[in-house]
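Engineer: One structure is given below, represented as structure tokens, and several questions about it will come after.
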Amino acid sequence: GTTNHHQQEQQRQEQEHPLMPRNLSRFGNVTATADVRGNLGPASVVVQQKPGSDWLHDRWQAASNMHGKNIPGQHWILLEFETKIVVDSIQLDWETAYASDYRIEGSLEPMTDISMAKGNNSSTNTNNSSNNEKIWMLFDGTDPSQQRARSESKSGQSPGVKAKLPLHIVHTIRPMTTAAKKPIRYLRLHILKSATGWGVSLWQFDVYGFLEKEVVQ
């Protein structure tokens, strides 16, 4: 009767708008750009629908040769989403040339200038930075108080080194900042420095969450 119809309708709505966070970066119209091309794959490989396993073509790195020579300075990868999203968690699949000192920044407008977010390292981590109020911080890897928002797992063996070093170092981040709940269209991984001295290298940049229209009634 009516109850059954109501349940079917509810199930239909849940199928159309699942309330579970889902991968928003591999599916849909997402564009990835970076400040440097590096010597391996283009930035677009980090949002491949099916992550690749080719050590030369399926990862982006801020290095200038096959020895992993670091391209000096800070680096960034920017994801542009087709529509506004709300982030639940982020998964960064680094190669053995990983980073820990990075920030994840959100905005409704394109972020191209690396200096735009410099005022963002306030202890409150809201969007009240003196430099640019249009960019806010979802996660600051240099802030000791936020370390519990990040977990790490390692797997495989990098073919580029003789030493026992992992092929994948995966960071899962569940942002804790109040600003992390704000809708965004642009998400930037702002890499401050490499943890290894090699140019940082990323296989995949996965973003889980919701479309803004699903969570804002």
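Chain labels A, B, ... are given in the sequence in which chains occur in the structure tokens; within each chain residues are numbered consecutively from 1, and ligands are likewise numbered from 1 in the order shown.
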I need the strand (DSSP E) residues of stretch 25-129 of chain A per DSSP on the backbone, written as a PyMOL selection string.
Structural biologist: chain A and resi 30-34+60-61+75-94+101-107
Engineer: Give me a file of those residues, with N, CA, C and O atoms, as a compact mmCIF listing (two decimals), in the first residue's frame.
Structural biologist:
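Contents of result-v3.txt, freshly written:
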```txt
# COMPACT_ATOMS: atom_id res chain seq x y z
N VAL A 30 36.16 16.68 -13.94
CA VAL A 30 37.17 17.25 -13.04
C VAL A 30 38.44 17.50 -13.85
O VAL A 30 38.90 16.63 -14.58
N THR A 31 38.98 18.70 -13.69
CA THR A 31 40.20 19.05 -14.41
C THR A 31 41.34 19.21 -13.41
O THR A 31 41.18 19.88 -12.39
N ALA A 32 42.47 18.56 -13.68
CA ALA A 32 43.64 18.68 -12.82
C ALA A 32 44.73 19.45 -13.54
O ALA A 32 45.05 19.14 -14.70
N THR A 33 45.29 20.46 -12.87
CA THR A 33 46.43 21.19 -13.42
C THR A 33 47.50 21.27 -12.33
O THR A 33 47.22 21.09 -11.15
N ALA A 34 48.73 21.55 -12.74
CA ALA A 34 49.84 21.65 -11.79
C ALA A 34 50.74 22.81 -12.19
O ALA A 34 50.69 23.28 -13.33
N TRP A 60 52.33 11.69 -11.64
CA TRP A 60 52.88 13.04 -11.88
C TRP A 60 54.01 13.24 -10.88
O TRP A 60 53.92 12.78 -9.73
N GLN A 61 55.08 13.89 -11.30
CA GLN A 61 56.11 14.22 -10.31
C GLN A 61 56.77 15.56 -10.63
O GLN A 61 56.93 15.94 -11.79
N HIS A 75 55.21 23.49 -4.78
CA HIS A 75 54.46 23.02 -5.95
C HIS A 75 52.99 22.86 -5.60
O HIS A 75 52.63 22.80 -4.42
N TRP A 76 52.17 22.76 -6.63
CA TRP A 76 50.74 22.56 -6.38
C TRP A 76 50.08 21.76 -7.49
O TRP A 76 50.52 21.77 -8.64
N ILE A 77 49.04 21.05 -7.10
CA ILE A 77 48.11 20.43 -8.05
C ILE A 77 46.73 20.97 -7.70
O ILE A 77 46.33 20.97 -6.53
N LEU A 78 46.02 21.43 -8.71
CA LEU A 78 44.71 22.04 -8.51
C LEU A 78 43.65 21.21 -9.21
O LEU A 78 43.78 20.89 -10.39
N LEU A 79 42.59 20.86 -8.45
CA LEU A 79 41.44 20.18 -9.04
C LEU A 79 40.31 21.19 -9.21
O LEU A 79 39.97 21.90 -8.26
N GLU A 80 39.74 21.22 -10.40
CA GLU A 80 38.58 22.06 -10.66
C GLU A 80 37.38 21.16 -10.89
O GLU A 80 37.38 20.34 -11.81
N PHE A 81 36.36 21.31 -10.06
CA PHE A 81 35.14 20.51 -10.17
C PHE A 81 34.10 21.27 -10.97
O PHE A 81 34.05 22.49 -10.95
N GLU A 82 33.25 20.51 -11.64
CA GLU A 82 32.25 21.12 -12.51
C GLU A 82 31.20 21.88 -11.70
O GLU A 82 30.65 22.87 -12.15
N THR A 83 30.94 21.38 -10.51
CA THR A 83 29.92 21.99 -9.66
C THR A 83 30.45 22.08 -8.23
O THR A 83 31.48 21.50 -7.91
N LYS A 84 29.76 22.79 -7.38
CA LYS A 84 30.22 22.96 -5.99
C LYS A 84 30.09 21.63 -5.24
O LYS A 84 29.09 20.93 -5.37
N ILE A 85 31.11 21.33 -4.44
CA ILE A 85 31.11 20.10 -3.66
C ILE A 85 31.41 20.41 -2.20
O ILE A 85 31.90 21.49 -1.87
N VAL A 86 31.10 19.44 -1.33
CA VAL A 86 31.48 19.51 0.08
C VAL A 86 32.35 18.29 0.35
O VAL A 86 31.94 17.15 0.09
N VAL A 87 33.55 18.52 0.84
CA VAL A 87 34.54 17.45 1.02
C VAL A 87 34.29 16.70 2.32
O VAL A 87 34.06 17.30 3.37
N ASP A 88 34.36 15.37 2.25
CA ASP A 88 34.31 14.53 3.44
C ASP A 88 35.72 14.04 3.79
O ASP A 88 36.16 14.15 4.92
N SER A 89 36.42 13.51 2.79
CA SER A 89 37.80 13.06 3.03
C SER A 89 38.59 13.13 1.72
O SER A 89 38.01 13.25 0.63
N ILE A 90 39.90 13.05 1.86
CA ILE A 90 40.82 13.15 0.72
C ILE A 90 41.84 12.03 0.85
O ILE A 90 42.33 11.75 1.96
N GLN A 91 42.15 11.40 -0.27
CA GLN A 91 43.18 10.36 -0.26
C GLN A 91 44.26 10.72 -1.28
O GLN A 91 43.98 10.90 -2.46
N LEU A 92 45.48 10.85 -0.77
CA LEU A 92 46.63 11.16 -1.62
C LEU A 92 47.49 9.90 -1.73
O LEU A 92 48.00 9.41 -0.72
N ASP A 93 47.62 9.39 -2.94
CA ASP A 93 48.42 8.19 -3.17
C ASP A 93 49.77 8.65 -3.74
O ASP A 93 49.92 8.85 -4.94
N TRP A 94 50.75 8.81 -2.84
CA TRP A 94 52.09 9.23 -3.24
C TRP A 94 52.90 8.02 -3.69
O TRP A 94 52.67 6.90 -3.24
N ASP A 101 54.70 17.83 4.45
CA ASP A 101 54.47 19.26 4.64
C ASP A 101 53.70 19.81 3.43
O ASP A 101 54.28 20.24 2.44
N TYR A 102 52.40 19.73 3.53
CA TYR A 102 51.54 20.27 2.48
C TYR A 102 50.27 20.79 3.11
O TYR A 102 49.92 20.46 4.24
N ARG A 103 49.60 21.64 2.37
CA ARG A 103 48.31 22.17 2.80
C ARG A 103 47.28 21.83 1.74
O ARG A 103 47.60 21.77 0.55
N ILE A 104 46.07 21.62 2.18
CA ILE A 104 44.97 21.41 1.25
C ILE A 104 44.04 22.60 1.39
O ILE A 104 43.53 22.88 2.47
N GLU A 105 43.88 23.31 0.28
CA GLU A 105 43.18 24.60 0.29
C GLU A 105 41.98 24.54 -0.64
O GLU A 105 42.03 23.89 -1.69
N GLY A 106 40.90 25.21 -0.24
CA GLY A 106 39.69 25.23 -1.04
C GLY A 106 39.28 26.64 -1.40
O GLY A 106 39.65 27.61 -0.71
N SER A 107 38.52 26.76 -2.49
CA SER A 107 38.03 28.06 -2.91
C SER A 107 36.87 27.88 -3.88
O SER A 107 36.65 26.79 -4.42
```
Engineer: Can you list every residue in stretch 1-206 of chain A that DSSP puts in helix (DSSP H, G or I), as JSON, numbers by chain?
Structural biologist: {"A": [2, 3, 4, 5, 6, 7, 8, 9, 10, 11, 12, 13, 14, 15, 16, 43, 44, 45, 46, 47, 114, 115, 116, 117, 118, 119, 120, 144, 145, 146, 147, 148, 149, 178, 179, 180, 181]}
Engineer: Quick one: distance from atom CA of A:Glu109 to atom CA of A:Leu24 in Å, one decimal?
Structural biologist: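 For atom CA of A:Glu109 relative to atom CA of A:Leu24, the distance reads 18.1 Å.
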Engineer: Residues near A:Ile169, anyone? I mean within 9 Å using only C-alpha atoms, not counting same-chain ones fewer than 5 positions away, as a short mmCIF file (atom, residue, chain, number, x, y, z; two decimals) with all heavy atoms, in the first residue's frame.
Structural biologist:
```
data_model
loop_
_atom_site.label_atom_id
_atom_site.label_comp_id
_atom_site.auth_asym_id
_atom_site.auth_seq_id
_atom_site.Cartn_x
_atom_site.Cartn_y
_atom_site.Cartn_z
N LEU A 92 45.48 10.85 -0.77
CA LEU A 92 46.63 11.16 -1.62
C LEU A 92 47.49 9.90 -1.73
O LEU A 92 48.00 9.41 -0.72
CB LEU A 92 47.46 12.30 -1.01
CG LEU A 92 46.73 13.63 -0.80
CD1 LEU A 92 47.61 14.60 -0.02
CD2 LEU A 92 46.31 14.23 -2.13
N ASP A 93 47.62 9.39 -2.94
CA ASP A 93 48.42 8.19 -3.17
C ASP A 93 49.77 8.65 -3.74
O ASP A 93 49.92 8.85 -4.94
CB ASP A 93 47.68 7.26 -4.13
CG ASP A 93 48.40 5.92 -4.33
OD1 ASP A 93 49.54 5.78 -3.84
OD2 ASP A 93 47.82 5.03 -4.98
N TRP A 94 50.75 8.81 -2.84
CA TRP A 94 52.09 9.23 -3.24
C TRP A 94 52.90 8.02 -3.69
O TRP A 94 52.67 6.90 -3.24
CB TRP A 94 52.84 9.87 -2.07
CG TRP A 94 52.19 11.03 -1.42
CD1 TRP A 94 51.37 11.01 -0.31
CD2 TRP A 94 52.33 12.41 -1.77
NE1 TRP A 94 50.99 12.29 0.02
CE2 TRP A 94 51.56 13.18 -0.86
CE3 TRP A 94 53.02 13.08 -2.78
CZ2 TRP A 94 51.46 14.56 -0.92
CZ3 TRP A 94 52.94 14.46 -2.85
CH2 TRP A 94 52.16 15.19 -1.93
N GLU A 95 53.90 8.28 -4.51
CA GLU A 95 54.94 7.29 -4.74
C GLU A 95 55.92 7.41 -3.57
O GLU A 95 55.68 8.19 -2.64
CB GLU A 95 55.61 7.57 -6.10
CG GLU A 95 56.28 6.34 -6.72
CD GLU A 95 57.79 6.37 -6.59
OE1 GLU A 95 58.34 7.38 -6.17
OE2 GLU A 95 58.42 5.36 -6.91
N THR A 96 57.02 6.70 -3.60
CA THR A 96 57.96 6.75 -2.46
C THR A 96 58.50 8.17 -2.25
O THR A 96 58.90 8.52 -1.14
CB THR A 96 59.10 5.71 -2.65
OG1 THR A 96 59.62 5.35 -1.37
CG2 THR A 96 60.20 6.22 -3.57
N ALA A 97 58.47 8.99 -3.30
CA ALA A 97 58.88 10.41 -3.18
C ALA A 97 57.66 11.22 -2.72
O ALA A 97 56.99 11.87 -3.51
CB ALA A 97 59.40 10.92 -4.52
N TYR A 98 57.39 11.12 -1.42
CA TYR A 98 56.16 11.72 -0.88
C TYR A 98 56.45 13.04 -0.18
O TYR A 98 57.58 13.51 -0.10
CB TYR A 98 55.50 10.73 0.09
CG TYR A 98 56.19 10.62 1.44
CD1 TYR A 98 55.62 11.21 2.57
CD2 TYR A 98 57.39 9.93 1.59
CE1 TYR A 98 56.24 11.12 3.81
CE2 TYR A 98 58.02 9.83 2.83
CZ TYR A 98 57.44 10.43 3.93
OH TYR A 98 58.06 10.35 5.15
N GLU A 152 48.22 7.01 7.45
CA GLU A 152 49.15 6.63 6.37
C GLU A 152 49.22 5.12 6.24
O GLU A 152 49.22 4.40 7.24
CB GLU A 152 50.54 7.20 6.70
CG GLU A 152 51.61 6.88 5.66
CD GLU A 152 52.97 7.46 6.05
OE1 GLU A 152 53.25 8.61 5.69
OE2 GLU A 152 53.75 6.76 6.73
N SER A 153 49.29 4.65 5.01
CA SER A 153 49.56 3.22 4.76
C SER A 153 50.55 3.11 3.62
O SER A 153 50.58 3.96 2.72
CB SER A 153 48.26 2.48 4.41
OG SER A 153 47.74 2.96 3.20
N LYS A 154 51.36 2.06 3.65
CA LYS A 154 52.40 1.87 2.64
C LYS A 154 52.27 0.49 2.02
O LYS A 154 51.90 -0.47 2.70
CB LYS A 154 53.80 2.00 3.27
CG LYS A 154 54.06 3.35 3.92
CD LYS A 154 55.42 3.37 4.61
CE LYS A 154 55.64 4.72 5.31
NZ LYS A 154 56.94 4.78 5.99
N SER A 155 52.61 0.39 0.72
CA SER A 155 52.57 -0.91 0.05
C SER A 155 53.52 -0.93 -1.14
O SER A 155 53.89 0.12 -1.66
CB SER A 155 51.13 -1.21 -0.42
OG SER A 155 50.74 -0.26 -1.39
#
```
Engineer: With distances taken over only C-alpha atoms, which of A:Pro42, A:Gly156, A:Gly141, A:Gly68 is nearest to A:Ala99?
Structural biologist: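 Closest to A:Ala99 of all the choices is A:Gly141.
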Engineer: To one decimal in Å, tell me the separation between atom CA of A:Pro144 and atom CA of A:Asn70.
Structural biologist: 25.7 Å
Engineer: Which residues are close to A:Lys69, i.e. within 12 Å by only C-alpha atoms, leaving aside same-chain residues fewer than 5 positions away? Reply as a VMD selection string.
Structural biologist: chain A and resid 38 to 39 61 to 64 97 194 196 to 201
Engineer: Write the residues of the selection above to a file with N, CA, C and O atoms, as an mmCIF file, in the first residue's frame.
Structural biologist:
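This is the output file part_15.cif:
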```cif
data_model
loop_
_atom_site.group_PDB
_atom_site.id
_atom_site.type_symbol
_atom_site.label_atom_id
_atom_site.label_comp_id
_atom_site.auth_asym_id
_atom_site.auth_seq_id
_atom_site.Cartn_x
_atom_site.Cartn_y
_atom_site.Cartn_z
ATOM 1 N N GLY A 38 56.875 18.443 -14.936
ATOM 2 C CA GLY A 38 57.710 17.320 -14.521
ATOM 3 C C GLY A 38 58.081 16.452 -15.719
ATOM 4 O O GLY A 38 57.775 16.780 -16.860
ATOM 5 N N ASN A 39 58.712 15.317 -15.450
ATOM 6 C CA ASN A 39 59.214 14.495 -16.548
ATOM 7 C C ASN A 39 58.403 13.222 -16.770
ATOM 8 O O ASN A 39 58.755 12.406 -17.610
ATOM 9 N N GLN A 61 55.077 13.894 -11.300
ATOM 10 C CA GLN A 61 56.105 14.221 -10.312
ATOM 11 C C GLN A 61 56.768 15.561 -10.628
ATOM 12 O O GLN A 61 56.925 15.938 -11.787
ATOM 13 N N ALA A 62 57.125 16.253 -9.552
ATOM 14 C CA ALA A 62 57.807 17.550 -9.681
ATOM 15 C C ALA A 62 59.313 17.305 -9.720
ATOM 16 O O ALA A 62 60.072 17.763 -8.871
ATOM 17 N N ALA A 63 59.726 16.503 -10.706
ATOM 18 C CA ALA A 63 61.142 16.166 -10.882
ATOM 19 C C ALA A 63 61.513 16.371 -12.341
ATOM 20 O O ALA A 63 60.664 16.324 -13.223
ATOM 21 N N SER A 64 62.796 16.605 -12.564
ATOM 22 C CA SER A 64 63.241 16.945 -13.921
ATOM 23 C C SER A 64 63.938 15.792 -14.639
ATOM 24 O O SER A 64 64.230 15.898 -15.820
ATOM 25 N N ALA A 97 58.472 8.995 -3.297
ATOM 26 C CA ALA A 97 58.880 10.406 -3.184
ATOM 27 C C ALA A 97 57.661 11.217 -2.720
ATOM 28 O O ALA A 97 56.995 11.872 -3.506
ATOM 29 N N SER A 194 59.379 18.443 -0.178
ATOM 30 C CA SER A 194 59.460 16.991 -0.272
ATOM 31 C C SER A 194 59.967 16.414 1.040
ATOM 32 O O SER A 194 60.789 17.029 1.718
ATOM 33 N N THR A 196 61.602 13.577 1.083
ATOM 34 C CA THR A 196 62.733 12.699 0.762
ATOM 35 C C THR A 196 63.901 13.414 0.092
ATOM 36 O O THR A 196 64.990 12.864 0.017
ATOM 37 N N GLY A 197 63.651 14.620 -0.419
ATOM 38 C CA GLY A 197 64.686 15.305 -1.203
ATOM 39 C C GLY A 197 64.487 15.110 -2.692
ATOM 40 O O GLY A 197 64.924 15.918 -3.506
ATOM 41 N N TRP A 198 63.815 14.003 -3.081
ATOM 42 C CA TRP A 198 63.440 13.821 -4.478
ATOM 43 C C TRP A 198 62.264 14.730 -4.805
ATOM 44 O O TRP A 198 61.547 15.187 -3.909
ATOM 45 N N GLY A 199 62.043 14.942 -6.097
ATOM 46 C CA GLY A 199 60.843 15.669 -6.504
ATOM 47 C C GLY A 199 59.601 14.859 -6.153
ATOM 48 O O GLY A 199 59.537 13.668 -6.452
ATOM 49 N N VAL A 200 58.633 15.488 -5.497
ATOM 50 C CA VAL A 200 57.449 14.757 -5.030
ATOM 51 C C VAL A 200 56.706 14.118 -6.202
ATOM 52 O O VAL A 200 56.699 14.637 -7.316
ATOM 53 N N SER A 201 56.091 12.972 -5.933
ATOM 54 C CA SER A 201 55.432 12.210 -6.984
ATOM 55 C C SER A 201 54.098 11.673 -6.485
ATOM 56 O O SER A 201 54.015 11.095 -5.408
#
```
Engineer: Ranking A:His67, A:Glu212, A:Gly160, A:His168 by minimum distance to A:Lys181 and counting only C-alpha atoms, which one comes first?
Structural biologist: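 Of all the options, A:Glu212 lies closest to A:Lys181.
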Engineer: Of the candidates A:Trp55, A:Phe139, A:Tyr186, A:Tyr208, which one gets nearest to A:Leu167 if we count only C-alpha atoms?
Structural biologist: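 Of the candidates, the smallest distance to A:Leu167 is held by A:Trp55.
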Engineer: Find, counting only C-alpha atoms, the residue in A:Trp203, A:Phe210, A:Pro166, A:Met66 that gets nearest to A:Asp54.
Structural biologist: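 Closest residue, counting only C-alpha atoms: A:Trp203.
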Engineer: What is the atom CA of A:Ser53-atom CA of A:Leu40 distance in Å, reported with one decimal?
Structural biologist: 13.0 Å
Engineer: Calculated over only C-alpha atoms, which of the candidates A:Lys182, A:Arg59, A:Lys134, A:His5 has the smallest distance to A:Leu202?
Structural biologist: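 So, comparing all the options, the nearest one is A:Arg59.
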